[in-house]
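Source file: final_3.cif; contents: mmCIF, C-alpha atoms.
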```
data_structure
loop_
_atom_site.group_PDB
_atom_site.id
_atom_site.type_symbol
_atom_site.label_atom_id
_atom_site.label_comp_id
_atom_site.auth_asym_id
_atom_site.auth_seq_id
_atom_site.Cartn_x
_atom_site.Cartn_y
_atom_site.Cartn_z
ATOM 1 C CA MET A 1 11.714 -0.741 -24.107
ATOM 2 C CA ALA A 2 8.623 -1.974 -25.954
ATOM 3 C CA VAL A 3 6.547 -4.689 -24.314
ATOM 4 C CA THR A 4 3.836 -6.673 -26.082
ATOM 5 C CA GLU A 5 0.650 -6.901 -24.042
ATOM 6 C CA ASN A 6 0.032 -10.341 -22.592
ATOM 7 C CA PRO A 7 -3.018 -10.426 -20.279
ATOM 8 C CA ARG A 8 -2.117 -13.791 -18.745
ATOM 9 C CA VAL A 9 1.347 -12.555 -17.828
ATOM 10 C CA GLY A 10 -0.173 -9.345 -16.486
ATOM 11 C CA ILE A 11 -2.600 -11.268 -14.265
ATOM 12 C CA ALA A 12 0.168 -13.570 -13.019
ATOM 13 C CA LEU A 13 2.381 -10.580 -12.189
ATOM 14 C CA ARG A 14 -0.476 -8.811 -10.351
ATOM 15 C CA ILE A 15 -1.112 -11.907 -8.240
ATOM 16 C CA LEU A 16 2.629 -12.217 -7.607
ATOM 17 C CA SER A 17 2.882 -8.584 -6.518
ATOM 18 C CA GLY A 18 0.043 -9.087 -4.041
ATOM 19 C CA PHE A 19 1.762 -12.157 -2.635
ATOM 20 C CA LEU A 20 5.091 -10.315 -2.322
ATOM 21 C CA PHE A 21 3.463 -7.339 -0.586
ATOM 22 C CA ALA A 22 1.795 -9.761 1.831
ATOM 23 C CA CYS A 23 5.134 -11.454 2.545
ATOM 24 C CA MET A 24 6.593 -8.015 3.241
ATOM 25 C CA GLY A 25 3.718 -7.395 5.649
ATOM 26 C CA ILE A 26 4.509 -10.667 7.423
ATOM 27 C CA CYS A 27 8.104 -9.498 7.917
ATOM 28 C CA VAL A 28 6.892 -6.151 9.262
ATOM 29 C CA LYS A 29 4.456 -7.859 11.636
ATOM 30 C CA ALA A 30 7.143 -10.238 12.904
ATOM 31 C CA LEU A 31 9.542 -7.334 13.512
ATOM 32 C CA SER A 32 7.085 -4.843 14.984
ATOM 33 C CA GLU A 33 7.092 -6.271 18.492
ATOM 34 C CA HIS A 34 10.772 -5.425 19.017
ATOM 35 C CA VAL A 35 11.834 -2.996 16.245
ATOM 36 C CA PRO A 36 10.618 0.640 16.006
ATOM 37 C CA VAL A 37 8.469 1.527 13.014
ATOM 38 C CA GLY A 38 10.916 4.171 11.774
ATOM 39 C CA GLN A 39 13.741 1.636 11.667
ATOM 40 C CA ILE A 40 11.552 -0.805 9.715
ATOM 41 C CA VAL A 41 10.604 1.954 7.243
ATOM 42 C CA PHE A 42 14.260 2.822 6.658
ATOM 43 C CA PHE A 43 15.369 -0.761 5.966
ATOM 44 C CA ARG A 44 12.290 -1.496 3.873
ATOM 45 C CA SER A 45 13.081 1.545 1.709
ATOM 46 C CA ALA A 46 16.871 1.205 1.583
ATOM 47 C CA PHE A 47 16.887 -2.398 0.418
ATOM 48 C CA ALA A 48 13.999 -1.806 -1.975
ATOM 49 C CA LEU A 49 16.437 0.432 -3.857
ATOM 50 C CA ILE A 50 18.499 -2.582 -4.946
ATOM 51 C CA PRO A 51 15.894 -4.281 -7.194
ATOM 52 C CA LEU A 52 14.436 -0.901 -8.175
ATOM 53 C CA VAL A 53 17.751 0.528 -9.441
ATOM 54 C CA ILE A 54 18.543 -2.718 -11.300
ATOM 55 C CA PHE A 55 15.084 -2.620 -12.907
ATOM 56 C CA LEU A 56 15.447 1.023 -13.972
ATOM 57 C CA TRP A 57 18.964 0.402 -15.294
ATOM 58 C CA LEU A 58 17.740 -2.531 -17.420
ATOM 59 C CA ARG A 59 15.024 -0.261 -18.838
ATOM 60 C CA GLY A 60 17.576 2.443 -19.609
ATOM 61 C CA GLU A 61 15.999 4.837 -17.097
ATOM 62 C CA PHE A 62 18.862 5.034 -14.605
ATOM 63 C CA PRO A 63 20.204 7.545 -14.041
ATOM 64 C CA GLY A 64 18.981 9.574 -17.028
ATOM 65 C CA GLY A 65 15.303 8.843 -16.440
ATOM 66 C CA LEU A 66 15.389 10.420 -12.976
ATOM 67 C CA ALA A 67 15.681 13.964 -14.322
ATOM 68 C CA THR A 68 12.621 16.023 -13.441
ATOM 69 C CA LYS A 69 11.160 19.461 -14.004
ATOM 70 C CA ARG A 70 8.754 19.070 -11.059
ATOM 71 C CA PRO A 71 10.872 18.588 -7.923
ATOM 72 C CA PHE A 72 8.239 20.054 -5.612
ATOM 73 C CA GLY A 73 5.601 17.722 -7.032
ATOM 74 C CA HIS A 74 7.859 14.763 -6.281
ATOM 75 C CA LEU A 75 8.546 16.150 -2.809
ATOM 76 C CA LEU A 76 4.832 16.341 -1.995
ATOM 77 C CA ARG A 77 3.993 12.941 -3.473
ATOM 78 C CA SER A 78 6.980 11.265 -1.796
ATOM 79 C CA SER A 79 6.239 12.851 1.576
ATOM 80 C CA LEU A 80 2.623 11.678 1.439
ATOM 81 C CA GLY A 81 3.714 8.186 0.409
ATOM 82 C CA ALA A 82 6.322 7.993 3.155
ATOM 83 C CA ALA A 83 3.797 9.119 5.770
ATOM 84 C CA ALA A 84 1.363 6.490 4.464
ATOM 85 C CA MET A 85 4.054 3.818 4.897
ATOM 86 C CA PHE A 86 4.667 4.907 8.497
ATOM 87 C CA ALA A 87 0.918 4.762 9.200
ATOM 88 C CA SER A 88 0.586 1.368 7.499
ATOM 89 C CA PHE A 89 3.411 -0.212 9.486
ATOM 90 C CA ALA A 90 2.098 1.336 12.714
ATOM 91 C CA SER A 91 -1.306 -0.205 11.993
ATOM 92 C CA ILE A 92 0.240 -3.615 11.249
ATOM 93 C CA ALA A 93 2.115 -3.436 14.562
ATOM 94 C CA ARG A 94 -1.142 -2.968 16.513
ATOM 95 C CA LEU A 95 -3.690 -5.100 14.637
ATOM 96 C CA PRO A 96 -3.877 -8.582 13.159
ATOM 97 C CA LEU A 97 -2.320 -8.504 9.700
ATOM 98 C CA ALA A 98 -5.626 -9.285 7.969
ATOM 99 C CA GLU A 99 -7.415 -6.379 9.684
ATOM 100 C CA ALA A 100 -4.618 -3.926 8.879
ATOM 101 C CA THR A 101 -4.650 -5.092 5.251
ATOM 102 C CA LEU A 102 -8.430 -4.785 5.053
ATOM 103 C CA LEU A 103 -8.204 -1.128 6.046
ATOM 104 C CA SER A 104 -5.918 -0.518 3.050
ATOM 105 C CA TYR A 105 -8.912 -1.249 0.798
ATOM 106 C CA LEU A 106 -10.418 2.059 1.919
ATOM 107 C CA SER A 107 -7.881 3.994 -0.175
ATOM 108 C CA PRO A 108 -9.800 3.691 -3.506
ATOM 109 C CA GLY A 109 -12.821 5.334 -1.894
ATOM 110 C CA PHE A 110 -10.683 8.045 -0.341
ATOM 111 C CA THR A 111 -8.974 8.523 -3.724
ATOM 112 C CA SER A 112 -12.374 9.242 -5.273
ATOM 113 C CA VAL A 113 -13.032 11.890 -2.622
ATOM 114 C CA ALA A 114 -9.560 13.373 -3.126
ATOM 115 C CA GLY A 115 -10.205 13.518 -6.888
ATOM 116 C CA VAL A 116 -13.304 15.604 -6.253
ATOM 117 C CA MET A 117 -11.497 17.890 -3.801
ATOM 118 C CA LEU A 118 -8.227 18.415 -5.674
ATOM 119 C CA LEU A 119 -8.952 17.725 -9.344
ATOM 120 C CA SER A 120 -12.550 19.019 -9.467
ATOM 121 C CA GLU A 121 -13.795 15.630 -10.661
ATOM 122 C CA ARG A 122 -17.550 15.043 -10.628
ATOM 123 C CA VAL A 123 -19.375 13.663 -7.604
ATOM 124 C CA THR A 124 -21.027 10.423 -8.750
ATOM 125 C CA VAL A 125 -23.106 7.662 -7.215
ATOM 126 C CA TRP A 126 -20.129 5.319 -7.556
ATOM 127 C CA ARG A 127 -17.860 7.621 -5.577
ATOM 128 C CA VAL A 128 -20.342 8.272 -2.785
ATOM 129 C CA GLY A 129 -21.433 4.646 -2.657
ATOM 130 C CA GLY A 130 -17.862 3.360 -2.482
ATOM 131 C CA VAL A 131 -16.989 5.603 0.452
ATOM 132 C CA LEU A 132 -20.215 4.926 2.373
ATOM 133 C CA VAL A 133 -20.103 1.149 1.921
ATOM 134 C CA GLY A 134 -16.413 1.016 2.824
ATOM 135 C CA MET A 135 -16.914 3.106 5.963
ATOM 136 C CA ALA A 136 -19.898 0.931 6.903
ATOM 137 C CA GLY A 137 -17.512 -2.017 6.783
ATOM 138 C CA VAL A 138 -15.119 -0.219 9.133
ATOM 139 C CA MET A 139 -17.977 0.451 11.563
ATOM 140 C CA VAL A 140 -18.910 -3.232 11.486
ATOM 141 C CA LEU A 141 -15.265 -4.087 12.204
ATOM 142 C CA VAL A 142 -14.850 -1.794 15.210
ATOM 143 C CA TRP A 143 -18.390 -1.609 16.624
ATOM 144 C CA PRO A 144 -18.292 -4.813 18.741
ATOM 145 C CA GLU A 145 -15.502 -3.227 20.790
ATOM 146 C CA VAL A 146 -16.490 0.443 20.574
ATOM 147 C CA GLY A 147 -20.148 -0.273 21.263
ATOM 148 C CA HIS A 148 -19.317 -2.179 24.445
ATOM 149 C CA GLY A 149 -16.611 0.264 25.508
ATOM 150 C CA ASP A 150 -13.953 -2.413 25.787
ATOM 151 C CA MET A 151 -11.551 -1.472 22.978
ATOM 152 C CA ASP A 152 -8.011 -1.269 24.313
ATOM 153 C CA GLU A 153 -5.846 1.698 23.405
ATOM 154 C CA VAL A 154 -3.418 -0.291 21.259
ATOM 155 C CA ARG A 155 -6.162 -1.561 18.924
ATOM 156 C CA MET A 156 -7.811 1.867 18.833
ATOM 157 C CA TRP A 157 -4.563 3.424 17.569
ATOM 158 C CA GLY A 158 -4.209 0.568 15.089
ATOM 159 C CA TYR A 159 -7.544 1.503 13.526
ATOM 160 C CA ILE A 160 -6.681 5.214 13.589
ATOM 161 C CA PHE A 161 -3.365 4.586 11.831
ATOM 162 C CA GLY A 162 -5.139 2.316 9.321
ATOM 163 C CA LEU A 163 -7.651 5.027 8.428
ATOM 164 C CA LEU A 164 -4.860 7.607 8.236
ATOM 165 C CA MET A 165 -2.918 5.305 5.926
ATOM 166 C CA GLY A 166 -5.930 5.048 3.601
ATOM 167 C CA MET A 167 -6.326 8.817 3.426
ATOM 168 C CA LEU A 168 -2.611 9.513 2.929
ATOM 169 C CA THR A 169 -2.412 6.831 0.235
ATOM 170 C CA ALA A 170 -5.364 8.419 -1.548
ATOM 171 C CA PHE A 171 -3.721 11.840 -1.716
ATOM 172 C CA ALA A 172 -0.410 10.249 -2.747
ATOM 173 C CA LEU A 173 -2.167 8.426 -5.610
ATOM 174 C CA ILE A 174 -3.776 11.670 -6.746
ATOM 175 C CA MET A 175 -0.283 13.161 -6.926
ATOM 176 C CA VAL A 176 0.923 10.118 -8.886
ATOM 177 C CA ARG A 177 -1.938 10.651 -11.332
ATOM 178 C CA ASN A 178 -0.902 14.271 -11.718
ATOM 179 C CA LEU A 179 2.843 13.605 -11.983
ATOM 180 C CA SER A 180 2.480 10.722 -14.440
ATOM 181 C CA ARG A 181 1.425 13.163 -17.148
ATOM 182 C CA THR A 182 5.002 14.414 -17.410
ATOM 183 C CA GLU A 183 7.172 12.168 -15.195
ATOM 184 C CA SER A 184 8.270 8.557 -15.651
ATOM 185 C CA PRO A 185 6.979 5.858 -13.264
ATOM 186 C CA GLY A 186 10.599 5.026 -12.439
ATOM 187 C CA ALA A 187 11.329 8.555 -11.239
ATOM 188 C CA ILE A 188 8.129 8.652 -9.167
ATOM 189 C CA ALA A 189 9.013 5.341 -7.480
ATOM 190 C CA PHE A 190 12.670 6.263 -6.950
ATOM 191 C CA TYR A 191 12.016 9.571 -5.210
ATOM 192 C CA PHE A 192 9.337 7.976 -3.041
ATOM 193 C CA VAL A 193 11.860 5.388 -1.812
ATOM 194 C CA ILE A 194 14.445 8.097 -1.108
ATOM 195 C CA ALA A 195 11.913 10.165 0.864
ATOM 196 C CA SER A 196 10.905 7.111 2.895
ATOM 197 C CA MET A 197 14.556 6.403 3.692
ATOM 198 C CA ILE A 198 15.030 9.977 4.891
ATOM 199 C CA GLY A 199 11.857 9.805 6.962
ATOM 200 C CA GLY A 200 12.994 6.539 8.510
ATOM 201 C CA ILE A 201 16.502 7.701 9.401
ATOM 202 C CA LEU A 202 15.134 10.869 11.020
ATOM 203 C CA THR A 203 13.652 8.596 13.708
ATOM 204 C CA LEU A 204 17.129 7.361 14.705
ATOM 205 C CA PRO A 205 17.391 9.747 17.711
ATOM 206 C CA PHE A 206 14.127 8.321 19.080
ATOM 207 C CA GLY A 207 15.755 4.951 19.657
ATOM 208 C CA TRP A 208 16.602 2.259 17.143
ATOM 209 C CA VAL A 209 17.526 -1.197 18.405
ATOM 210 C CA MET A 210 20.353 -3.597 17.667
ATOM 211 C CA THR A 211 18.704 -6.652 16.147
ATOM 212 C CA ASP A 212 19.922 -10.232 16.112
ATOM 213 C CA ALA A 213 20.721 -12.066 12.880
ATOM 214 C CA GLU A 214 17.098 -13.133 12.394
ATOM 215 C CA GLY A 215 15.849 -9.574 12.854
ATOM 216 C CA LEU A 216 18.407 -8.183 10.412
ATOM 217 C CA PHE A 217 17.429 -10.855 7.886
ATOM 218 C CA LEU A 218 13.749 -9.879 8.178
ATOM 219 C CA LEU A 219 14.576 -6.172 7.808
ATOM 220 C CA VAL A 220 16.552 -6.795 4.628
ATOM 221 C CA LEU A 221 13.958 -9.241 3.311
ATOM 222 C CA ALA A 222 11.136 -6.734 3.870
ATOM 223 C CA GLY A 223 12.986 -4.233 1.685
ATOM 224 C CA LEU A 224 13.767 -6.670 -1.107
ATOM 225 C CA LEU A 225 10.202 -8.023 -1.116
ATOM 226 C CA GLY A 226 8.754 -4.505 -1.199
ATOM 227 C CA GLY A 227 10.964 -3.529 -4.125
ATOM 228 C CA LEU A 228 10.184 -6.694 -6.090
ATOM 229 C CA ALA A 229 6.459 -6.315 -5.364
ATOM 230 C CA HIS A 230 6.469 -2.783 -6.768
ATOM 231 C CA ILE A 231 8.308 -3.922 -9.902
ATOM 232 C CA SER A 232 5.880 -6.822 -10.387
ATOM 233 C CA MET A 233 2.931 -4.450 -10.147
ATOM 234 C CA THR A 234 4.519 -2.027 -12.619
ATOM 235 C CA LEU A 235 5.117 -4.819 -15.131
ATOM 236 C CA ALA A 236 1.599 -6.162 -14.613
ATOM 237 C CA PHE A 237 0.105 -2.865 -15.769
ATOM 238 C CA ARG A 238 2.400 -2.885 -18.811
ATOM 239 C CA HIS A 239 1.066 -6.289 -19.874
ATOM 240 C CA ALA A 240 -2.648 -5.830 -19.137
ATOM 241 C CA GLU A 241 -5.197 -3.057 -18.710
ATOM 242 C CA ALA A 242 -6.066 -1.862 -15.223
ATOM 243 C CA SER A 243 -9.717 -2.860 -15.699
ATOM 244 C CA LEU A 244 -8.661 -6.468 -16.376
ATOM 245 C CA LEU A 245 -6.404 -6.585 -13.334
ATOM 246 C CA ALA A 246 -8.855 -4.921 -10.921
ATOM 247 C CA PRO A 247 -10.659 -8.132 -9.802
ATOM 248 C CA PHE A 248 -7.343 -9.687 -8.812
ATOM 249 C CA GLU A 249 -6.723 -6.850 -6.327
ATOM 250 C CA TYR A 250 -9.064 -8.676 -3.963
ATOM 251 C CA LEU A 251 -6.959 -11.837 -3.835
ATOM 252 C CA VAL A 252 -4.415 -9.885 -1.778
ATOM 253 C CA ILE A 253 -6.508 -10.240 1.383
ATOM 254 C CA LEU A 254 -6.190 -14.050 1.186
ATOM 255 C CA TRP A 255 -2.491 -14.051 2.095
ATOM 256 C CA PRO A 256 -2.771 -11.995 5.328
ATOM 257 C CA VAL A 257 -5.726 -14.139 6.394
ATOM 258 C CA LEU A 258 -3.640 -17.294 5.952
ATOM 259 C CA ALA A 259 -0.678 -15.645 7.706
ATOM 260 C CA ASP A 260 -2.823 -14.757 10.733
ATOM 261 C CA LEU A 261 -4.242 -18.261 10.934
ATOM 262 C CA LEU A 262 -1.096 -20.271 10.254
ATOM 263 C CA LEU A 263 1.844 -18.098 11.370
ATOM 264 C CA PHE A 264 0.557 -15.722 14.036
ATOM 265 C CA LYS A 265 -2.156 -18.038 15.411
ATOM 266 C CA ALA A 266 -4.671 -15.178 15.401
ATOM 267 C CA PRO A 267 -8.212 -16.449 14.733
ATOM 268 C CA LEU A 268 -10.475 -14.382 12.509
ATOM 269 C CA SER A 269 -13.093 -12.442 14.462
ATOM 270 C CA TYR A 270 -16.777 -12.428 13.526
ATOM 271 C CA ALA A 271 -16.485 -8.664 13.108
ATOM 272 C CA PHE A 272 -13.715 -9.090 10.504
ATOM 273 C CA ILE A 273 -15.681 -11.737 8.591
ATOM 274 C CA SER A 274 -18.740 -9.457 8.573
ATOM 275 C CA ALA A 275 -16.779 -6.353 7.585
ATOM 276 C CA LEU A 276 -14.787 -8.041 4.804
ATOM 277 C CA PRO A 277 -17.519 -8.070 2.091
ATOM 278 C CA LEU A 278 -18.547 -4.478 2.869
ATOM 279 C CA VAL A 279 -15.047 -3.028 2.654
ATOM 280 C CA LEU A 280 -14.262 -4.990 -0.513
ATOM 281 C CA ALA A 281 -17.587 -3.904 -2.043
ATOM 282 C CA GLY A 282 -16.733 -0.272 -1.306
ATOM 283 C CA ALA A 283 -13.359 -0.715 -3.002
ATOM 284 C CA ALA A 284 -15.064 -2.383 -5.970
ATOM 285 C CA LEU A 285 -17.489 0.518 -6.389
ATOM 286 C CA ALA A 286 -14.600 2.978 -6.353
ATOM 287 C CA ALA A 287 -12.723 0.821 -8.881
ATOM 288 C CA MET A 288 -15.770 0.814 -11.172
ATOM 289 C CA GLU A 289 -15.793 4.605 -11.061
ATOM 290 C CA GLU A 290 -12.092 4.651 -11.964
ATOM 291 C CA ARG A 291 -12.789 2.306 -14.884
ATOM 292 C CA ARG A 292 -15.596 4.560 -16.137
ATOM 293 C CA ARG A 293 -13.278 7.597 -15.853
ATOM 294 C CA ARG A 294 -10.552 5.872 -17.883
ATOM 295 C CA GLN A 295 -13.047 4.830 -20.584
ATOM 296 C CA ALA A 296 -14.375 8.394 -20.758
#
```
Go ahead and express the file in the form of structure tokens.
Amino acid sequence: MAVTENPRVGIALRILSGFLFACMGICVKALSEHVPVGQIVFFRSAFALIPLVIFLWLRGEFPGGLATKRPFGHLLRSSLGAAAMFASFASIARLPLAEATLLSYLSPGFTSVAGVMLLSERVTVWRVGGVLVGMAGVMVLVWPEVGHGDMDEVRMWGYIFGLLMGMLTAFALIMVRNLSRTESPGAIAFYFVIASMIGGILTLPFGWVMTDAEGLFLLVLAGLLGGLAHISMTLAFRHAEASLLAPFEYLVILWPVLADLLLFKAPLSYAFISALPLVLAGAALAAMEERRRRQA
């Protein structure tokens, strides 16, 4: 299905995808106090299938487009992505939504490192600078508590899961880069959702809970929002180049900040405000390296 490039539409879709992902995060945060992470992952993945399958069918990629010659590549990528989702939701459950979202901006820097390790890409100033500046931001975020020895265990695990999510996402993205040479984006997304569903349902013996109507609504909504957000992002990159859309990645942090302030009544800490420009600058440096690589 041919699509004429339209940068304004691409920008609008990228902003929309960020908003939808943030709304999904709000659902996850609201559920996390009473619902196990594995149960949230399962519902988020299962109901994301509905908009995803409809989207692929409209593009003529379902079911024919799901055929693959690289099943083990999909298995590795999907497993990494599913593990990253578990880590992300575990971080959201333990930290303010804005802090958990900020940690996700470390993944571009980690992706640069993974590119050097796995794809033998060159070590550049942009790569090193992005990682160092981003990690400096993390130190600024956690140091007020670590330095005074008063960080509680829940927050400590929130930061650990956030860092793990960034690293797992980086390796998953490297696999996406590798798979996309021969596999369709629809197939990559579909198998990732299936793997996440399987990972989620494997946690059933560890104790799922029976939710009320509001909880069930939020579980279903998280899945639908996640699926629609992924589709919006896919369409955004079909309408505009990645280099044009890159600056709008940083608008995503606005929505979790507003959610913390208005919905969860969690004031922004001085450490978060100080860390924010450093982490975003690290992500920007890594994005500049990615832009230079694409141009080359």
- Task: Go through A:Ala83, A:Ala240, A:Ala222, A:Ile231 and flag the residue nearest Met165 of chain A, using all atoms listed in the file for the distances.
- Result: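 That would be A:Ala83, the residue with the smallest distance to Met165 of chain A.
Nearest residue to Val220 of chain A among A:Ile50, A:Phe72, A:Ile15, A:Val9 is A:Ile50, counting only C-alpha atoms.
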- Please identify all polymer residues within 10 Å of Pro256 of chain A, counting only C-alpha atoms, omitting same-chain residues fewer than 4 positions from it, and present them as a ChimeraX atom specification. /A:19,21-23,25-26,96-102,252,260-263
Take every atom of segment 29-40 of chain A listed in the file, pad by 4 Å on each side, and give me the axis-aligned box centre and edge lengths in Å, one decimal, as JSON.
```
{"center_x": 9.1, "center_y": -3.0, "center_z": 14.4, "size_x": 17.3, "size_y": 22.4, "size_z": 17.3}
```
- Task: Identify all residues satisfying the PyMOL selection byres ((chain A and resi 275) around 12) in the given file; provide them as number ranges by chain.
- Result: A: 98-99, 102-103, 105-106, 133-144, 268-274, 276-282
